[in-house]
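S.K.: Pasting a structure here, questions to come.
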Amino acid sequence: MRVLALPLLLIGAATAAWAAPPVADTPIGTWENPKHTIAVRVEQCGNELCGKIVNATPEAMADAREAGVTNLIGTQLLRDYRPSGRQRWSGTVYVPDMGRSFSSHIVQSAPNTLRISGCLIAGFLCKSQDWTRV
């Protein structure tokens, strides 16, 4: 019995390791904002990264409508992000409830955490949010 137990244990461990998803070192995937009101799918768009809203709560959709955004789902939130360092990207973020775009940076601090920052004027009046992978 012990002769079979070790090979079965090793096969089980190898299968579990093989089936486990790899640790993501890229922001490609689906992310949710801190309030859990929108989800954005980040994809490779040519040589850059971009992200569109794939899910939104009724509250988020109402806020966007007040700012003139009629269809929040499908709206491109992240645009033209290029690498700007290790686990860092720079581009433009669109804030639907304000109806405006801002210069932005993304920093992936952990496999399942993105910090998205946007600034009104050349690095001044900035705000950051930590997003989590869905």
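Every chain in the structure tokens takes a letter, A first, then B, and so on in the order presented; its residues are numbered from 1, and the ligands are numbered from 1 following the presented order.
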Report as a PyMOL selection string all protein, DNA and RNA residues lying within 12 Å of Met61 of chain A, evaluated on only C-alpha atoms, omitting residues in the same chain fewer than 2 positions from it.

M.R.: chain A and resi 37-38+53-59+63-75+96-97

S.K.: Hey, what's within 8 Å of Phe102 of chain A if we count only C-alpha atoms and toss same-chain stuff fewer than 5 positions away? As a compact mmCIF listing (two decimals) with N, CA, C and O atoms, in the first residue's frame, please?

M.R.:
```txt
# COMPACT_ATOMS: atom_id res chain seq x y z
N THR A 92 -3.83 57.49 -20.36
CA THR A 92 -4.93 58.40 -20.10
C THR A 92 -6.09 57.64 -19.50
O THR A 92 -6.47 56.57 -19.99
N VAL A 93 -6.66 58.18 -18.42
CA VAL A 93 -7.83 57.58 -17.79
C VAL A 93 -9.04 58.50 -18.03
O VAL A 93 -8.91 59.73 -17.96
N TYR A 94 -10.16 57.90 -18.35
CA TYR A 94 -11.41 58.63 -18.53
C TYR A 94 -12.25 58.44 -17.28
O TYR A 94 -12.43 57.31 -16.81
N VAL A 95 -12.75 59.52 -16.72
CA VAL A 95 -13.58 59.46 -15.52
C VAL A 95 -15.02 59.74 -15.96
O VAL A 95 -15.39 60.89 -16.19
N GLY A 118 -4.63 59.46 -11.42
CA GLY A 118 -4.91 60.46 -12.44
C GLY A 118 -4.67 61.83 -11.88
O GLY A 118 -4.92 62.08 -10.70
N CYS A 119 -4.17 62.74 -12.74
CA CYS A 119 -3.84 64.09 -12.29
C CYS A 119 -4.51 65.12 -13.20
O CYS A 119 -4.54 64.96 -14.42
N LEU A 120 -5.04 66.19 -12.57
CA LEU A 120 -5.70 67.24 -13.34
C LEU A 120 -4.72 68.02 -14.20
O LEU A 120 -4.94 68.22 -15.37
```

S.K.: List the spatial neighbours of Asn33 of chain A as a ChimeraX atom specification - criterion: any atom at most 12 Å away, only C-alpha atoms, same-chain residues fewer than 5 positions off excluded.

M.R.: /A:38-41,53,55-57,60,77,113-116,128-134

S.K.: A:Ser84, A:Gln76, A:Gln44, A:Thr30: which is nearest Gly99 of chain A, counting only C-alpha atoms?

M.R.: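 Closest residue, counting only C-alpha atoms: A:Gln76.
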
S.K.: Of the candidates A:Lys127, A:Arg88, A:Arg79, A:His36, which shows the shortest atom-to-atom distance to His105 of chain A, using only C-alpha atoms?

M.R.: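 Closest candidate: A:Arg88.
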
S.K.: Here is a test: counting only C-alpha atoms, which residue of A:Gly29, A:Pro34, A:Asn112, A:Glu43 is nearest to Leu78 of chain A?

M.R.: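 When distances to Leu78 of chain A are compared using only C-alpha atoms, the smallest one comes from A:Glu43.
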